Structures are given as structure tokens and as C-alpha cells.
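J.: structure.pdb is reproduced below (PDB, C-alpha atoms, pLDDT in the B column).
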```
ATOM      1  CA  MET V   1       0.000   0.000   0.000  1.00 36.00           C
ATOM      2  CA  SER V   2       1.234   3.467  -0.871  1.00 35.00           C
ATOM      3  CA  GLU V   3       2.242   5.831   1.931  1.00 34.00           C
ATOM      4  CA  ALA V   4       0.137   8.705   0.537  1.00 38.00           C
ATOM      5  CA  PHE V   5      -3.460   8.784  -0.657  1.00 37.00           C
ATOM      6  CA  GLU V   6      -4.821  10.980  -3.414  1.00 38.00           C
ATOM      7  CA  LEU V   7      -7.650  12.763  -1.616  1.00 39.00           C
ATOM      8  CA  GLY V   8      -9.225  15.034  -4.149  1.00 40.00           C
ATOM      9  CA  ARG V   9      -6.547  17.518  -5.042  1.00 41.00           C
ATOM     10  CA  PRO V  10      -4.018  17.580  -2.176  1.00 42.00           C
ATOM     11  CA  ARG V  11      -2.076  14.510  -1.092  1.00 43.00           C
ATOM     12  CA  MET V  12      -2.065  13.435   2.537  1.00 44.00           C
ATOM     13  CA  SER V  13       0.098  10.783   4.082  1.00 45.00           C
ATOM     14  CA  LEU V  14      -1.638   8.178   6.213  1.00 43.00           C
ATOM     15  CA  ALA V  15       0.671   9.045   9.123  1.00 46.00           C
ATOM     16  CA  ARG V  16      -0.293  12.736   8.975  1.00 47.00           C
ATOM     17  CA  MET V  17      -4.000  11.979   8.730  1.00 47.00           C
ATOM     18  CA  THR V  18      -4.028   9.618  11.706  1.00 48.00           C
ATOM     19  CA  ASP V  19      -1.791  11.746  13.932  1.00 52.00           C
ATOM     20  CA  GLY V  20      -3.360  11.910  17.385  1.00 50.00           C
ATOM     21  CA  LEU V  21      -5.499   8.778  17.158  1.00 48.00           C
ATOM     22  CA  ASP V  22      -3.084   6.644  19.147  1.00 49.00           C
ATOM     23  CA  ARG V  23      -4.501   7.719  22.527  1.00 45.00           C
ATOM     24  CA  GLN V  24      -7.977   7.764  23.961  1.00 45.00           C
ATOM     25  CA  PRO V  25      -8.995  11.380  24.633  1.00 43.00           C
ATOM     26  CA  GLU V  26     -10.315  12.137  28.094  1.00 42.00           C
ATOM     27  CA  ARG V  27     -12.810  14.653  29.398  1.00 37.00           C
ATOM     28  CA  GLY V  28     -11.004  17.771  30.546  1.00 37.00           C
ATOM     29  CA  ASP V  29      -8.146  17.435  28.047  1.00 41.00           C
ATOM     30  CA  ASP V  30      -7.131  20.596  26.245  1.00 39.00           C
ATOM     31  CA  PRO V  31      -9.257  21.444  23.156  1.00 36.00           C
ATOM     32  CA  GLU V  32      -6.745  19.722  20.895  1.00 38.00           C
ATOM     33  CA  ASN V  33      -7.520  16.433  22.627  1.00 40.00           C
ATOM     34  CA  ALA V  34     -11.031  17.036  23.950  1.00 41.00           C
ATOM     35  CA  GLY V  35     -13.670  14.330  24.126  1.00 41.00           C
ATOM     36  CA  GLN V  36     -15.075  11.846  26.538  1.00 39.00           C
ATOM     37  CA  SER V  37     -13.786   8.422  27.407  1.00 39.00           C
ATOM     38  CA  SER V  38     -17.167   7.321  28.782  1.00 42.00           C
ATOM     39  CA  GLY V  39     -18.554   6.679  25.285  1.00 44.00           C
ATOM     40  CA  GLU V  40     -21.336   9.272  25.460  1.00 49.00           C
ATOM     41  CA  SER V  41     -21.565  11.645  22.511  1.00 54.00           C
ATOM     42  CA  VAL V  42     -20.241  15.148  22.893  1.00 84.00           C
ATOM     43  CA  ALA V  43     -22.082  16.509  19.851  1.00 95.00           C
ATOM     44  CA  ALA V  44     -24.150  15.452  16.846  1.00 97.00           C
ATOM     45  CA  ILE V  45     -22.092  16.361  13.772  1.00 98.00           C
ATOM     46  CA  LEU V  46     -23.118  16.310  10.128  1.00 98.00           C
ATOM     47  CA  LEU V  47     -20.135  15.692   7.830  1.00 98.00           C
ATOM     48  CA  ALA V  48     -20.481  16.418   4.094  1.00 98.00           C
ATOM     49  CA  GLU V  49     -17.456  15.332   2.042  1.00 98.00           C
ATOM     50  CA  ASP V  50     -17.467  13.906  -1.473  1.00 97.00           C
ATOM     51  CA  ASP V  51     -14.090  12.164  -1.171  1.00 97.00           C
ATOM     52  CA  GLU V  52     -14.843   8.814   0.452  1.00 97.00           C
ATOM     53  CA  ALA V  53     -11.369   8.347   1.967  1.00 96.00           C
ATOM     54  CA  VAL V  54     -11.390  11.774   3.634  1.00 96.00           C
ATOM     55  CA  ARG V  55     -15.011  11.307   4.744  1.00 97.00           C
ATOM     56  CA  GLU V  56     -14.261   7.980   6.434  1.00 97.00           C
ATOM     57  CA  PHE V  57     -11.063   9.169   8.130  1.00 94.00           C
ATOM     58  CA  VAL V  58     -12.713  12.328   9.492  1.00 97.00           C
ATOM     59  CA  LYS V  59     -15.795  10.392  10.601  1.00 97.00           C
ATOM     60  CA  ARG V  60     -13.633   7.858  12.443  1.00 96.00           C
ATOM     61  CA  ALA V  61     -11.591  10.563  14.148  1.00 95.00           C
ATOM     62  CA  LEU V  62     -14.612  12.517  15.348  1.00 96.00           C
ATOM     63  CA  ALA V  63     -16.290   9.323  16.566  1.00 96.00           C
ATOM     64  CA  HIS V  64     -13.055   8.428  18.385  1.00 92.00           C
ATOM     65  CA  TYR V  65     -13.319  11.765  20.176  1.00 90.00           C
ATOM     66  CA  GLY V  66     -16.843  10.869  21.329  1.00 93.00           C
ATOM     67  CA  HIS V  67     -18.985  12.613  18.725  1.00 95.00           C
ATOM     68  CA  ASN V  68     -22.030  11.154  16.981  1.00 96.00           C
ATOM     69  CA  VAL V  69     -21.240  11.642  13.272  1.00 97.00           C
ATOM     70  CA  THR V  70     -23.549  11.348  10.273  1.00 98.00           C
ATOM     71  CA  ALA V  71     -21.508  11.345   7.050  1.00 98.00           C
ATOM     72  CA  VAL V  72     -22.887  12.099   3.580  1.00 98.00           C
ATOM     73  CA  GLY V  73     -21.234  12.477   0.195  1.00 97.00           C
ATOM     74  CA  ASP V  74     -22.763  15.698  -1.134  1.00 97.00           C
ATOM     75  CA  GLY V  75     -24.486  18.948  -0.233  1.00 97.00           C
ATOM     76  CA  GLY V  76     -27.956  17.835  -1.287  1.00 97.00           C
ATOM     77  CA  SER V  77     -27.831  14.814   1.016  1.00 98.00           C
ATOM     78  CA  ALA V  78     -26.549  17.028   3.826  1.00 98.00           C
ATOM     79  CA  LEU V  79     -29.412  19.480   3.392  1.00 97.00           C
ATOM     80  CA  ALA V  80     -31.915  16.599   3.472  1.00 97.00           C
ATOM     81  CA  ALA V  81     -30.289  15.243   6.658  1.00 98.00           C
ATOM     82  CA  LEU V  82     -30.488  18.693   8.276  1.00 98.00           C
ATOM     83  CA  GLU V  83     -34.211  18.847   7.549  1.00 97.00           C
ATOM     84  CA  GLU V  84     -34.802  15.514   9.289  1.00 97.00           C
ATOM     85  CA  THR V  85     -32.427  15.664  12.254  1.00 97.00           C
ATOM     86  CA  PRO V  86     -31.052  18.459  14.440  1.00 96.00           C
ATOM     87  CA  TYR V  87     -27.245  18.695  14.463  1.00 97.00           C
ATOM     88  CA  ASP V  88     -24.856  20.577  16.713  1.00 97.00           C
ATOM     89  CA  LEU V  89     -22.336  21.312  13.931  1.00 98.00           C
ATOM     90  CA  LEU V  90     -22.003  21.129  10.147  1.00 98.00           C
ATOM     91  CA  LEU V  91     -18.565  20.133   8.823  1.00 98.00           C
ATOM     92  CA  THR V  92     -18.422  20.324   5.043  1.00 97.00           C
ATOM     93  CA  ASP V  93     -16.008  20.313   2.154  1.00 96.00           C
ATOM     94  CA  ILE V  94     -16.334  23.390  -0.049  1.00 94.00           C
ATOM     95  CA  VAL V  95     -15.807  21.774  -3.450  1.00 93.00           C
ATOM     96  CA  MET V  96     -18.401  19.041  -4.029  1.00 95.00           C
ATOM     97  CA  PRO V  97     -20.510  18.073  -7.042  1.00 92.00           C
ATOM     98  CA  GLY V  98     -24.007  19.534  -7.150  1.00 92.00           C
ATOM     99  CA  MET V  99     -24.426  21.806  -4.149  1.00 96.00           C
ATOM    100  CA  ASP V 100     -21.040  22.996  -2.887  1.00 93.00           C
ATOM    101  CA  GLY V 101     -20.220  23.576   0.768  1.00 94.00           C
ATOM    102  CA  ILE V 102     -20.732  27.335   0.617  1.00 92.00           C
ATOM    103  CA  ALA V 103     -24.237  26.972  -0.864  1.00 94.00           C
ATOM    104  CA  LEU V 104     -24.941  24.310   1.767  1.00 96.00           C
ATOM    105  CA  ALA V 105     -23.742  26.617   4.556  1.00 95.00           C
ATOM    106  CA  LEU V 106     -25.922  29.469   3.269  1.00 93.00           C
ATOM    107  CA  LYS V 107     -29.028  27.271   3.083  1.00 95.00           C
ATOM    108  CA  ALA V 108     -28.347  25.523   6.403  1.00 96.00           C
ATOM    109  CA  THR V 109     -27.784  28.708   8.386  1.00 94.00           C
ATOM    110  CA  LYS V 110     -30.779  30.510   6.857  1.00 94.00           C
ATOM    111  CA  ASP V 111     -33.122  28.374   8.967  1.00 93.00           C
ATOM    112  CA  ARG V 112     -30.571  27.540  11.681  1.00 95.00           C
ATOM    113  CA  PRO V 113     -28.540  30.711  12.367  1.00 93.00           C
ATOM    114  CA  ALA V 114     -26.979  29.261  15.524  1.00 93.00           C
ATOM    115  CA  LEU V 115     -25.589  26.181  13.705  1.00 95.00           C
ATOM    116  CA  PRO V 116     -21.779  26.233  13.765  1.00 96.00           C
ATOM    117  CA  VAL V 117     -20.278  25.626  10.307  1.00 96.00           C
ATOM    118  CA  VAL V 118     -16.722  24.487   9.606  1.00 96.00           C
ATOM    119  CA  LEU V 119     -15.552  24.332   5.993  1.00 94.00           C
ATOM    120  CA  MET V 120     -12.712  22.203   4.596  1.00 95.00           C
ATOM    121  CA  THR V 121     -10.862  22.960   1.376  1.00 90.00           C
ATOM    122  CA  GLY V 122      -7.696  22.233  -0.557  1.00 85.00           C
ATOM    123  CA  PHE V 123      -8.044  25.316  -2.763  1.00 81.00           C
ATOM    124  CA  ALA V 124      -6.832  28.814  -1.835  1.00 71.00           C
ATOM    125  CA  ALA V 125      -9.468  30.521  -4.029  1.00 69.00           C
ATOM    126  CA  GLU V 126     -12.267  28.593  -2.309  1.00 72.00           C
ATOM    127  CA  ARG V 127     -10.820  29.496   1.077  1.00 64.00           C
ATOM    128  CA  GLN V 128     -11.078  33.184   0.110  1.00 69.00           C
ATOM    129  CA  ARG V 129     -14.710  32.727  -1.015  1.00 69.00           C
ATOM    130  CA  ALA V 130     -15.489  31.266   2.400  1.00 63.00           C
ATOM    131  CA  HIS V 131     -13.830  34.136   4.234  1.00 60.00           C
ATOM    132  CA  ASN V 132     -16.271  36.467   2.531  1.00 63.00           C
ATOM    133  CA  LEU V 133     -18.927  34.731   4.670  1.00 78.00           C
ATOM    134  CA  ASP V 134     -17.280  35.308   8.056  1.00 78.00           C
ATOM    135  CA  ALA V 135     -20.619  35.989   9.752  1.00 79.00           C
ATOM    136  CA  LEU V 136     -21.862  32.475   8.887  1.00 84.00           C
ATOM    137  CA  ILE V 137     -18.706  30.363   8.971  1.00 86.00           C
ATOM    138  CA  ASP V 138     -16.931  29.481  12.206  1.00 91.00           C
ATOM    139  CA  ARG V 139     -13.705  28.288  10.600  1.00 91.00           C
ATOM    140  CA  VAL V 140     -12.141  27.267   7.291  1.00 89.00           C
ATOM    141  CA  VAL V 141      -9.627  24.417   7.483  1.00 93.00           C
ATOM    142  CA  SER V 142      -7.065  23.916   4.735  1.00 91.00           C
ATOM    143  CA  LYS V 143      -6.317  20.453   3.417  1.00 91.00           C
ATOM    144  CA  PRO V 144      -4.183  18.589   4.086  1.00 91.00           C
ATOM    145  CA  PHE V 145      -4.857  18.443   7.823  1.00 93.00           C
ATOM    146  CA  SER V 146      -4.249  15.825  10.471  1.00 93.00           C
ATOM    147  CA  LEU V 147      -7.246  14.245  12.113  1.00 87.00           C
ATOM    148  CA  LYS V 148      -5.997  15.656  15.398  1.00 91.00           C
ATOM    149  CA  GLU V 149      -6.173  19.139  13.823  1.00 95.00           C
ATOM    150  CA  ILE V 150      -9.711  18.710  12.468  1.00 96.00           C
ATOM    151  CA  CYS V 151     -10.914  17.419  15.842  1.00 95.00           C
ATOM    152  CA  ALA V 152      -9.405  20.455  17.583  1.00 95.00           C
ATOM    153  CA  VAL V 153     -11.130  22.815  15.110  1.00 96.00           C
ATOM    154  CA  VAL V 154     -14.475  21.076  15.662  1.00 96.00           C
ATOM    155  CA  GLU V 155     -14.078  21.271  19.428  1.00 94.00           C
ATOM    156  CA  ASP V 156     -13.179  24.977  19.212  1.00 95.00           C
ATOM    157  CA  ALA V 157     -16.263  25.704  17.082  1.00 95.00           C
ATOM    158  CA  LEU V 158     -18.510  23.830  19.508  1.00 95.00           C
ATOM    159  CA  GLN V 159     -17.020  25.555  22.532  1.00 93.00           C
ATOM    160  CA  ALA V 160     -17.310  28.983  20.882  1.00 91.00           C
ATOM    161  CA  ARG V 161     -21.078  28.393  20.587  1.00 88.00           C
ATOM    162  CA  GLY V 162     -21.320  26.909  24.091  1.00 88.00           C
ATOM    163  CA  ILE V 163     -22.407  23.511  22.740  1.00 83.00           C
ATOM    164  CA  SER V 164     -19.717  21.161  24.044  1.00 56.00           C
ATOM    165  CA  PRO V 165     -20.050  19.858  27.610  1.00 47.00           C
ATOM    166  CA  THR V 166     -16.252  20.186  27.825  1.00 45.00           C
ATOM    167  CA  ALA V 167     -16.540  23.993  27.510  1.00 41.00           C
ATOM    168  CA  SER V 168     -15.514  25.817  30.655  1.00 38.00           C
TER
END
```
So that I can check it, write out the structure of this file as C-alpha cells.
T.:
Amino acid sequence: MSEAFELGRPRMSLARMTDGLDRQPERGDDPENAGQSSGESVAAILLAEDDEAVREFVKRALAHYGHNVTAVGDGGSALAALEETPYDLLLTDIVMPGMDGIALALKATKDRPALPVVLMTGFAAERQRAHNLDALIDRVVSKPFSLKEICAVVEDALQARGISPTAS
């Protein structure tokens, strides 16, 4: 097996992606390692990512940190999931077929203005588009990222909205 995966446009090594998954996070850890070891969910997270490898790695990492994660492969499916189930956070790729992550964020926050939104992208131009929506977007994360990094960003976004039980 190759040491690096082609994940959309950027390349990520397996070691970089899984950095931080070698220990069980505990309640009270710093935000970079926050979670609960008791198995109860910290937050309900909707993950929209068209790249299956990235989607599965991020889903596994967030679940490892105690979150309840629903993962879908496109913006349309994410919007449908939001209409059926309440979520504590939306984590979405920007560049996806059909409805992109920015359109998804706009539609999702129209009816749910308190919903934290974290965007992921491997493209500088898309990152700039997202920054034009600062009032709606909690954070934009550049790919490649480690799973430890994405979990820390999610925890920060939850804590900023007062959603995570680990918030002080």
C-alpha cells in the first residue's frame, strides 16, 4: 500500500492523517484532545465530504473523540439530513458536485442561524470565497490536515457556541 493517498486535489500521508489517534482522549483534556472516554456523545455532527477516503477518516476521528457523526457524500444529502435531524455542527467540504459547501452553509444557516459551520478545502481561491462569509462560517480548514487538527477545530467551534459539555 502506498504511503500517501490521493484525496481530491491535495495529497495526505496516512501518518499525517491519523496523527493523534493513538490515545484515547479524556474529558477535561485541552481542546486539541477534547472528548469523553465514557462513550457518550459530545455533539451530533453532520459531515459532508465527497471524497470517500477523507469522509471515512474524518468520521472515524470525530467518533473516536466521542462525537455522533452522520456522514454524507454531497451537499444535497446534507441538506436533506439537516431537515430531518437536528445537528450541533455542520462540517463540510467546499468543493463538491451539485451543491457545494458554501451553498450548503448558506441554506443551512438561513433556517438555523446558531448552527456552527466548519468548511474544509484544498483550494486557496475557495478558502477566500469562504472568508467572505465570516458571519456564517466558524472556521475554514485547509487540506491537508491531520485528524488531530480537524478534531481540535471542531471542538473549538462547539465551545465557541457553548455547545460542548467540555466547555468551561
J.: Hey, which bits of region 47-84 of chain V sit within 8 Å of region 144-154 of chain V, and for each residue what's the closest pair of atoms and how far apart in Å (one decimal), counting all atoms listed in the file, rows by chain and increasing number, as CSV?
T.:
```
residue,atom,partner,partner_atom,distance
V:Phe57,CA,V:Leu147,CA,7.5
V:Val58,CA,V:Leu147,CA,6.4
V:Ala61,CA,V:Leu147,CA,6.0
V:Leu62,CA,V:Cys151,CA,6.2
V:Tyr65,CA,V:Cys151,CA,7.5
```
J.: For the residues in that selection, give me C-alpha atoms as an mmCIF file, in the coordinates of the input.
T.:
```cif
data_model
loop_
_atom_site.group_PDB
_atom_site.id
_atom_site.type_symbol
_atom_site.label_atom_id
_atom_site.label_comp_id
_atom_site.auth_asym_id
_atom_site.auth_seq_id
_atom_site.Cartn_x
_atom_site.Cartn_y
_atom_site.Cartn_z
ATOM 1 C CA PHE V 57 -11.063 9.169 8.130
ATOM 2 C CA VAL V 58 -12.713 12.328 9.492
ATOM 3 C CA ALA V 61 -11.591 10.563 14.148
ATOM 4 C CA LEU V 62 -14.612 12.517 15.348
ATOM 5 C CA TYR V 65 -13.319 11.765 20.176
#
```
J.: Which residues come within 9 Å of region 105-110 of chain V, counting all atoms listed in the file, excluding same-chain residues fewer than 2 positions away, as number ranges by chain?
T.: V: 79, 82-83, 90, 92, 100-103, 112-119, 133, 136-137
J.: Report, in Å to a single decimal, how far apart CA of Glu56 (chain V) and CA of Ala135 (chain V) are.
T.: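 One can read the CA of Ala135 (chain V) to CA of Glu56 (chain V) distance as 28.9 Å.
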J.: Enumerate, as a JSON list (two decimals) with C-alpha atoms, in the frame of the given file, the residues matched when the PyMOL selection byres ((chain V and resi 73) around 8) is run on the file above.
T.:
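File produced: result-v4.json:
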```json
[["chain", "number", "residue", "atom", "x", "y", "z"],
["V", 48, "ALA", "CA", -20.48, 16.42, 4.09],
["V", 49, "GLU", "CA", -17.46, 15.33, 2.04],
["V", 50, "ASP", "CA", -17.47, 13.91, -1.47],
["V", 51, "ASP", "CA", -14.09, 12.16, -1.17],
["V", 52, "GLU", "CA", -14.84, 8.81, 0.45],
["V", 55, "ARG", "CA", -15.01, 11.31, 4.74],
["V", 71, "ALA", "CA", -21.51, 11.34, 7.05],
["V", 72, "VAL", "CA", -22.89, 12.10, 3.58],
["V", 74, "ASP", "CA", -22.76, 15.70, -1.13],
["V", 75, "GLY", "CA", -24.49, 18.95, -0.23],
["V", 77, "SER", "CA", -27.83, 14.81, 1.02],
["V", 78, "ALA", "CA", -26.55, 17.03, 3.83]]
```
J.: What is the CA of Leu46 (chain V)-CA of Phe123 (chain V) distance in Å, reported with one decimal?
T.: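 CA of Leu46 (chain V) sits 21.8 Å away from CA of Phe123 (chain V).
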J.: Would you mind reading off the distance between CA of Asp88 (chain V) and CA of Ala63 (chain V), one decimal, in Å?
T.: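 These two atoms are separated by 14.1 Å.
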